[in-house]
Each structure stands twice: as structure tokens, then as C-alpha cells.
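Next up, final.tsv (TSV, C-alpha atoms):
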```
chain	number	residue	atom	x	y	z
Z	681	ASP	CA	-61.85	-39.49	21.12
Z	682	GLY	CA	-61.57	-36.95	23.94
Z	683	PRO	CA	-60.28	-37.36	27.46
Z	684	SER	CA	-61.23	-40.54	29.29
Z	685	ASP	CA	-61.65	-38.74	32.60
Z	686	VAL	CA	-64.36	-36.08	32.31
Z	687	SER	CA	-63.35	-34.60	35.65
Z	688	ALA	CA	-60.04	-33.56	34.08
Z	689	VAL	CA	-61.83	-31.22	31.69
Z	690	THR	CA	-61.63	-27.74	33.21
Z	691	ASN	CA	-63.44	-25.62	30.62
Z	692	VAL	CA	-66.86	-27.31	30.74
Z	693	PHE	CA	-69.48	-25.74	33.03
Z	694	ASN	CA	-73.08	-26.33	33.99
Z	695	GLN	CA	-75.39	-24.07	32.02
Z	696	ASP	CA	-77.59	-21.76	34.05
Z	697	TYR	CA	-81.24	-21.54	33.04
Z	698	PHE	CA	-82.08	-18.42	31.05
Z	699	GLY	CA	-85.74	-17.54	30.76
Z	700	GLY	CA	-85.27	-14.92	28.06
Z	701	THR	CA	-84.88	-11.16	28.13
Z	702	PRO	CA	-87.89	-9.55	29.87
Z	703	PRO	CA	-89.83	-6.70	28.26
Z	704	SER	CA	-88.24	-3.27	28.43
Z	705	TYR	CA	-90.28	-0.72	30.39
Z	706	MET	CA	-88.56	2.16	28.60
Z	707	ILE	CA	-89.20	0.75	25.12
Z	708	ALA	CA	-92.84	0.17	26.03
Z	709	THR	CA	-93.25	3.62	27.58
Z	710	ILE	CA	-91.36	5.84	25.16
Z	711	GLN	CA	-93.01	5.24	21.78
Z	712	SER	CA	-91.12	7.94	19.87
Z	713	ALA	CA	-89.13	6.41	17.01
Z	714	ARG	CA	-87.12	9.64	16.72
Z	715	PHE	CA	-86.10	9.48	20.37
Z	716	TRP	CA	-84.78	5.92	20.10
Z	717	ALA	CA	-83.05	6.48	16.75
Z	718	ASN	CA	-81.18	9.44	18.20
Z	719	TRP	CA	-80.45	7.61	21.46
Z	720	PHE	CA	-78.97	4.53	19.79
Z	721	GLN	CA	-77.07	6.67	17.32
Z	722	GLY	CA	-75.47	8.53	20.20
Z	723	VAL	CA	-74.54	5.27	21.91
Z	724	ILE	CA	-72.67	3.87	18.90
Z	725	ARG	CA	-71.20	7.14	17.60
Z	726	GLY	CA	-67.89	6.43	19.32
Z	727	ASN	CA	-67.43	3.26	17.27
Z	728	PHE	CA	-67.10	5.13	13.99
Z	729	ALA	CA	-64.97	7.80	12.40
Z	730	SER	CA	-65.31	9.37	8.96
Z	731	GLY	CA	-62.35	9.19	6.59
Z	732	VAL	CA	-60.52	7.15	3.98
Z	733	PHE	CA	-58.46	4.39	5.55
Z	734	PRO	CA	-56.20	1.59	4.27
Z	735	GLN	CA	-57.63	-1.91	4.10
Z	736	ARG	CA	-57.97	-3.40	7.57
Z	737	ARG	CA	-58.16	-6.92	8.94
Z	738	ALA	CA	-60.13	-5.92	12.03
Z	739	TYR	CA	-63.86	-5.23	12.29
Z	740	VAL	CA	-65.88	-2.79	14.36
Z	741	ALA	CA	-67.08	-4.42	17.59
Z	742	LEU	CA	-69.52	-3.32	20.26
Z	743	SER	CA	-68.19	-2.62	23.72
Z	744	ASP	CA	-69.26	-4.73	26.67
Z	745	MET	CA	-71.56	-1.93	27.85
Z	746	GLN	CA	-73.19	-1.68	24.42
Z	747	ASN	CA	-73.82	-5.41	24.42
Z	748	ARG	CA	-75.39	-5.14	27.87
Z	749	MET	CA	-77.75	-2.47	26.56
Z	750	HIS	CA	-78.92	-4.87	23.87
Z	751	SER	CA	-79.43	-7.61	26.46
Z	752	MET	CA	-81.82	-5.35	28.38
Z	753	ASN	CA	-84.07	-4.78	25.35
Z	754	PRO	CA	-85.59	-7.87	23.69
Z	755	TYR	CA	-85.84	-7.72	19.92
Z	756	ASP	CA	-86.08	-9.72	16.72
Z	757	GLN	CA	-83.23	-9.24	14.30
Z	758	TYR	CA	-83.93	-9.45	10.57
Z	759	GLU	CA	-81.37	-9.45	7.79
Z	760	VAL	CA	-81.84	-9.43	4.03
Z	761	SER	CA	-79.58	-9.22	1.01
Z	762	VAL	CA	-80.37	-7.27	-2.17
Z	763	PRO	CA	-78.56	-7.63	-5.55
Z	764	LEU	CA	-75.98	-4.86	-5.79
Z	765	GLU	CA	-77.10	-3.89	-9.30
Z	766	THR	CA	-80.58	-2.97	-8.07
Z	767	ALA	CA	-79.69	-1.84	-4.53
Z	768	ALA	CA	-79.96	1.90	-5.27
Z	769	ASP	CA	-83.42	1.56	-6.85
Z	770	CYS	CA	-84.50	-0.69	-3.97
Z	771	LEU	CA	-83.39	1.77	-1.29
Z	772	GLU	CA	-85.09	4.61	-3.15
Z	773	GLU	CA	-88.38	2.71	-3.11
Z	774	VAL	CA	-88.00	1.70	0.54
Z	775	GLY	CA	-87.15	5.28	1.50
Z	776	ALA	CA	-90.15	6.71	-0.34
Z	777	ALA	CA	-92.48	4.28	1.41
Z	778	THR	CA	-90.81	4.66	4.80
Z	779	TYR	CA	-91.12	8.44	4.86
Z	780	GLY	CA	-94.34	8.60	2.86
Z	781	PRO	CA	-97.96	8.80	4.01
Z	782	TYR	CA	-97.87	5.35	5.65
Z	783	ARG	CA	-95.15	6.56	8.06
Z	784	LEU	CA	-93.37	3.21	8.15
Z	785	TRP	CA	-90.46	4.88	9.93
Z	786	THR	CA	-92.51	4.79	13.12
Z	787	GLY	CA	-91.83	1.05	13.39
Z	788	ALA	CA	-88.07	1.52	13.70
Z	789	ARG	CA	-86.17	2.04	16.95
Z	790	THR	CA	-82.56	1.69	15.79
Z	791	PRO	CA	-80.71	2.83	12.67
Z	792	PHE	CA	-80.61	0.07	10.06
Z	793	LEU	CA	-77.19	-1.36	9.25
Z	794	THR	CA	-76.04	-1.77	5.65
Z	795	ARG	CA	-72.92	-3.47	4.34
Z	796	PHE	CA	-71.61	-4.86	1.08
Z	797	VAL	CA	-70.63	-8.51	0.60
Z	798	LYS	CA	-68.93	-10.01	-2.43
Z	799	GLY	CA	-70.43	-12.91	-4.36
Z	800	GLU	CA	-69.53	-16.50	-3.57
Z	801	ASP	CA	-70.45	-19.93	-4.88
Z	802	GLY	CA	-71.89	-21.60	-1.76
Z	803	TYR	CA	-75.13	-23.19	-2.92
Z	804	LEU	CA	-77.32	-21.46	-0.32
Z	805	SER	CA	-75.14	-18.42	0.28
Z	806	LEU	CA	-77.13	-15.19	0.27
Z	807	THR	CA	-74.52	-13.82	-2.16
Z	808	ASN	CA	-74.65	-16.75	-4.56
Z	809	GLY	CA	-74.91	-15.19	-8.01
Z	810	GLY	CA	-73.05	-11.97	-7.28
Z	811	PRO	CA	-72.33	-9.20	-4.75
Z	812	ARG	CA	-75.16	-7.93	-2.60
Z	813	LEU	CA	-76.14	-5.20	-0.22
Z	814	TYR	CA	-76.97	-6.57	3.23
Z	815	MET	CA	-79.45	-4.74	5.44
Z	816	ASN	CA	-79.85	-5.50	9.14
Z	817	LEU	CA	-83.15	-4.42	10.76
Z	818	GLU	CA	-84.36	-4.90	14.33
Z	819	ASP	CA	-87.88	-4.94	15.73
Z	820	PHE	CA	-87.76	-3.72	19.33
Z	821	VAL	CA	-91.49	-3.12	19.60
Z	822	LEU	CA	-93.03	-6.60	19.60
Z	823	TYR	CA	-91.62	-8.13	22.79
Z	824	SER	CA	-91.76	-5.04	24.98
Z	825	THR	CA	-95.28	-3.95	24.04
Z	826	GLY	CA	-96.88	-7.21	22.93
Z	827	GLN	CA	-98.10	-5.39	19.83
Z	828	TYR	CA	-97.53	-6.44	16.23
Z	829	ASN	CA	-95.17	-3.90	14.65
Z	830	ALA	CA	-97.13	-3.32	11.42
Z	831	ALA	CA	-95.00	-0.37	10.26
Z	832	PHE	CA	-91.76	-2.34	10.60
Z	833	GLN	CA	-93.26	-5.36	8.86
Z	834	GLY	CA	-94.36	-3.04	6.04
Z	835	ILE	CA	-90.71	-2.24	5.35
Z	836	MET	CA	-89.86	-5.94	5.37
Z	837	ARG	CA	-92.73	-6.66	2.99
Z	838	ILE	CA	-91.38	-4.16	0.45
Z	839	LEU	CA	-87.89	-5.65	0.67
Z	840	ARG	CA	-89.23	-9.15	0.05
Z	841	THR	CA	-91.87	-8.47	-2.63
Z	842	SER	CA	-90.62	-5.51	-4.65
Z	843	PRO	CA	-89.10	-6.45	-8.05
Z	844	LYS	CA	-86.49	-3.76	-7.39
Z	845	CYS	CA	-85.33	-5.46	-4.19
Z	846	LYS	CA	-85.74	-9.23	-4.54
Z	847	ALA	CA	-84.32	-9.50	-1.02
Z	848	ARG	CA	-83.24	-12.88	0.28
Z	849	LEU	CA	-83.98	-13.66	3.92
Z	850	HIS	CA	-81.12	-14.60	6.23
Z	851	TRP	CA	-81.45	-18.33	6.95
Z	852	GLY	CA	-80.87	-17.97	10.69
Z	853	LYS	CA	-82.67	-14.76	11.62
Z	854	ALA	CA	-86.24	-13.51	11.99
Z	855	GLY	CA	-88.67	-13.27	9.09
Z	856	TRP	CA	-89.63	-16.92	8.71
Z	857	PRO	CA	-92.31	-17.95	8.00
Z	858	GLU	CA	-94.17	-14.62	7.60
Z	859	HIS	CA	-91.92	-13.28	4.85
Z	860	GLY	CA	-90.96	-16.70	3.52
Z	861	SER	CA	-94.38	-18.27	3.00
Z	862	CYS	CA	-94.51	-20.49	-0.08
Z	863	PHE	CA	-90.75	-20.05	-0.38
Z	864	ASP	CA	-89.49	-21.11	-3.83
Z	865	GLY	CA	-85.80	-21.97	-3.71
Z	866	ALA	CA	-85.49	-22.51	-7.46
Z	867	LYS	CA	-86.76	-18.97	-8.04
Z	868	GLU	CA	-84.68	-17.31	-5.31
Z	869	PHE	CA	-81.50	-19.32	-6.00
Z	870	PRO	CA	-81.83	-20.06	-9.73
Z	871	ASP	CA	-78.16	-20.95	-10.25
Z	872	SER	CA	-77.65	-23.30	-7.32
Z	873	TRP	CA	-80.87	-24.59	-5.74
Z	874	CYS	CA	-80.84	-27.94	-7.50
Z	875	ASP	CA	-77.10	-28.26	-6.88
Z	876	PHE	CA	-77.94	-28.22	-3.21
Z	877	GLY	CA	-80.64	-30.84	-3.80
Z	878	CYS	CA	-78.07	-33.10	-5.45
Z	879	ALA	CA	-75.65	-32.59	-2.57
Z	880	ALA	CA	-78.37	-33.22	0.02
Z	881	HIS	CA	-79.23	-36.61	-1.45
Z	882	GLU	CA	-75.60	-37.59	-1.90
Z	883	ILE	CA	-74.65	-36.73	1.67
Z	884	ASP	CA	-77.91	-37.76	3.36
Z	885	PRO	CA	-79.65	-40.37	1.19
Z	886	THR	CA	-81.76	-41.66	4.10
Z	887	LYS	CA	-83.03	-38.13	4.92
Z	888	LYS	CA	-81.82	-38.30	8.50
Z	889	PHE	CA	-81.52	-34.51	8.57
Z	890	GLU	CA	-84.71	-33.81	6.62
Z	891	SER	CA	-86.39	-30.57	7.72
Z	892	THR	CA	-89.98	-30.24	8.87
Z	893	VAL	CA	-90.59	-27.09	6.81
Z	894	ASP	CA	-92.30	-27.61	3.49
Z	895	PHE	CA	-90.07	-25.76	1.02
Z	896	TRP	CA	-87.16	-28.14	0.51
Z	897	HIS	CA	-88.40	-29.20	-2.92
Z	898	PHE	CA	-85.87	-30.19	-5.59
Z	899	LYS	CA	-87.65	-31.10	-8.80
Z	900	ALA	CA	-86.06	-31.10	-12.25
Z	901	SER	CA	-87.06	-32.01	-15.79
Z	902	GLN	CA	-84.69	-33.95	-18.04
Z	903	ASP	CA	-84.25	-32.30	-21.43
Z	904	SER	CA	-83.92	-35.53	-23.42
Z	905	THR	CA	-87.01	-37.25	-22.04
Z	906	GLY	CA	-89.13	-34.42	-20.63
Z	907	ARG	CA	-89.59	-36.44	-17.46
Z	908	THR	CA	-89.78	-34.75	-14.08
Z	909	TYR	CA	-87.63	-36.11	-11.29
Z	910	ASP	CA	-87.31	-35.59	-7.56
Z	911	LEU	CA	-83.61	-35.06	-6.87
Z	912	LEU	CA	-84.01	-36.45	-3.36
Z	913	THR	CA	-84.61	-39.93	-4.82
Z	914	ASP	CA	-82.06	-42.37	-6.26
Z	915	GLU	CA	-83.74	-42.21	-9.68
Z	916	GLY	CA	-83.74	-38.43	-9.77
Z	917	HIS	CA	-80.17	-38.25	-8.55
Z	918	ARG	CA	-78.98	-40.59	-11.30
Z	919	ALA	CA	-80.86	-38.66	-13.97
Z	920	CYS	CA	-79.87	-35.08	-13.12
Z	921	CYS	CA	-76.94	-35.15	-10.70
Z	922	SER	CA	-73.23	-35.85	-11.00
Z	923	PRO	CA	-70.24	-35.68	-8.63
Z	924	ASP	CA	-69.91	-32.04	-9.76
Z	925	GLY	CA	-73.47	-31.17	-8.82
Z	926	PHE	CA	-76.62	-30.58	-10.86
Z	927	LYS	CA	-76.44	-31.34	-14.58
Z	928	HIS	CA	-77.37	-27.87	-15.80
Z	929	SER	CA	-76.74	-28.80	-19.44
Z	930	GLN	CA	-79.10	-31.79	-19.33
Z	931	CYS	CA	-81.82	-30.88	-16.83
Z	932	GLN	CA	-83.87	-27.85	-15.85
Z	933	CYS	CA	-84.41	-26.97	-12.19
Z	934	LEU	CA	-88.16	-26.49	-11.73
Z	935	GLU	CA	-89.83	-23.75	-9.72
Z	936	ARG	CA	-92.32	-24.72	-7.04
Z	937	PRO	CA	-96.01	-24.82	-8.04
Z	938	PRO	CA	-98.17	-22.05	-6.52
Z	939	CYS	CA	-99.10	-22.94	-2.95
Z	940	ASP	CA	-102.81	-22.39	-3.58
Z	941	GLN	CA	-102.92	-25.25	-6.06
```
Could you quickly redo this structure as C-alpha cells?
Amino acid sequence: DGPSDVSAVTNVFNQDYFGGTPPSYMIATIQSARFWANWFQGVIRGNFASGVFPQRRAYVALSDMQNRMHSMNPYDQYEVSVPLETAADCLEEVGAATYGPYRLWTGARTPFLTRFVKGEDGYLSLTNGGPRLYMNLEDFVLYSTGQYNAAFQGIMRILRTSPKCKARLHWGKAGWPEHGSCFDGAKEFPDSWCDFGCAAHEIDPTKKFESTVDFWHFKASQDSTGRTYDLLTDEGHRACCSPDGFKHSQCQCLERPPCDQ
């Protein structure tokens, strides 16, 4: 229940107001993508060493000074995950477009980060369904110049729309709603979307935590009757859900209708 005397709590502090990171004069003034790529690469070079090493439990971390440099330059951070089996083809297409006639590389200011993450069974995990390549991208242009970074967004558009990439957007980072318009969970998470719908109704039947965005649709058709159910209703939950999740053998999770209909 916590301590009865709040004054005895010593690790709780008043929060100072933070008005956000102001625009960076240097980012706004120096428009050369090559300059910034080389500059950031030099800053982080000391964090890495080439070689073959035994498995480690620790992870690379930025120094305090490196974190301070980030705090001086406002940016939006994007992150996507691409199926490992198509990652090479995806990167080849992204690379060709980035360094092609549209010069999409001019929208970048920092090297993009890639990493590999194993598959897991969390219903909305970005690696549900198998291992994936994660790519971390940052837009430093928008907030310091006030200009839409069309070249950077062109790279994001390829990652999201190319059949070779099929990139999933990170749930808690930038990219929504521009690159998630008319989001179809049943299409992007075909093995687990309706499982999440079943869990959502079971845990929150009164929809206390219902979101204001419009893509949390969980519709399913029952094989035996052909009827369509909303899994966020008692009737739909009884028809197509069980304590183990969605009844995949008895119901089909339905994709969202086109948003222009």
C-alpha cells in the first residue's frame, strides 16, 4: 500500500518543466548530409571494435557526452522491422533508391542502425512470426529547419510499401499516422491479431482502455455458420475466442475493408 507518511519518501522529486529541445542552429545551417554522417560516425567510432567475440551479456551504451549531443539536436526517431528472409532484397531496393536519381540519402543526417532480433510469440511483438531485421532511422531535419524532410520520408515509404520489405512500424516511435494510415492489423499480424482482440475483450470487457485511433478492428468469420463477429463483443468472444486465444481452427480473422469504402 506504500508508506503512510509521504514525507518519509526520499526518492520522489518535483518535476521541472521541460519545454522541449530547441532547434539546432548547426543542423539548420549545415545542410550537407555527408558532413553530418561523417561527424556522427566519428563521434560513435569509439563505441565499436571489429572482431569475433564470445557471447556477451552487456550491450553497447552511449557515453554521457554522446547523450548530451543528442539532447542538443531535436529529432524524430523511427524504427521498423523487416522479415529476415526478405531483408537482403529489401536493403538492396532501399539502397538503389537511396543512392539513385532521387538522392534520398540527402534526407539522412546519421548512420542508420540495424540489428537482428529473434522471433517471439507476443501478440503484437514486431517479431511475431519469426526473426526480423530492425532498422533505426532518425529525422534531424524537421525540427531544426521547419521543413518537411521529403527525402527521408521517401526511404520510410519504401520500407512500408515495398513487397520486399513489409516493414512493421515500431508501436512507440515516429511514423504514425503518416506511414500507418488505414493500418490493417490482420494483414500485418496475420498469426496473432485476432488473438490480441480476444485478449483485449477478456481483460477489458468495458473498453476502459479503448484507443481513440481507428484501426483496432477485430472481426472474424465463423467457419460453420459464415457469420461475421466483432471480437470486442460478448457474442463475438463466445463464438471465436477461448481461454487459449483465438479459435484459429474454427474462425478466420478478417482483414480490414479498404478505407475509401
Checklist line | Selection: 10 Å around Z:Val893, all atoms listed in the file, excl. self and same-chain fewer than 3 positions, as a ChimeraX atom specification | finding: /Z:857,890,896
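The residue that comes closest to Z:Cys770, out of Z:Met752, Z:Met706, Z:Cys920, Z:Met815 and on the basis of all atoms listed in the file, is Z:Met815.
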Item checked: Contacts of Z:Leu911 at 8 Å (only C-alpha atoms; same-chain gap of 3+ positions) as a list in words -> Cys874, Gly877, Cys878, His881, Phe898, Lys899, Ala900, Asp914, Glu915, Gly916, His917, Cys920 and Cys921 of chain Z
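Among the candidates Z:Arg725, Z:His850, Z:His928, Z:Arg789, the one nearest to Z:Trp873 when counting all atoms listed in the file is Z:His928.
The nearest approach to Z:Glu773 among the residues Z:Lys867, Z:Ile835, Z:Phe693, Z:Arg936, with only C-alpha atoms taken into account, belongs to Z:Ile835.
Distance check against Z:Glu868 using only C-alpha atoms: of Z:Glu935, Z:Asp769, Z:Asp924, Z:Asp910, the minimum falls on Z:Glu935.
Of the residues listed (Z:Leu849, Z:Leu804, Z:Val760, Z:Ile710), Z:Leu804 shows the shortest atom-to-atom separation from Z:Asp871; distances use only C-alpha atoms.
For the residues Z:Leu822, Z:Val774, Z:Leu806, Z:Ala767, ranking by smallest atom-to-atom distance to Z:Ala708 using only C-alpha atoms places Z:Leu822 first.
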Note to self: Between atom CA of Z:Leu813 and atom CA of Z:Tyr758, what distance in Å does the model show, to one decimal?
What the structure shows: 14.0 Å
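One distance worth recording is that between atom CA of Z:Asp875 and atom CA of Z:Thr908, which is 16.0 Å.
Relative to atom CA of Z:Phe698, atom CA of Z:Ala788 is found at 27.1 Å.
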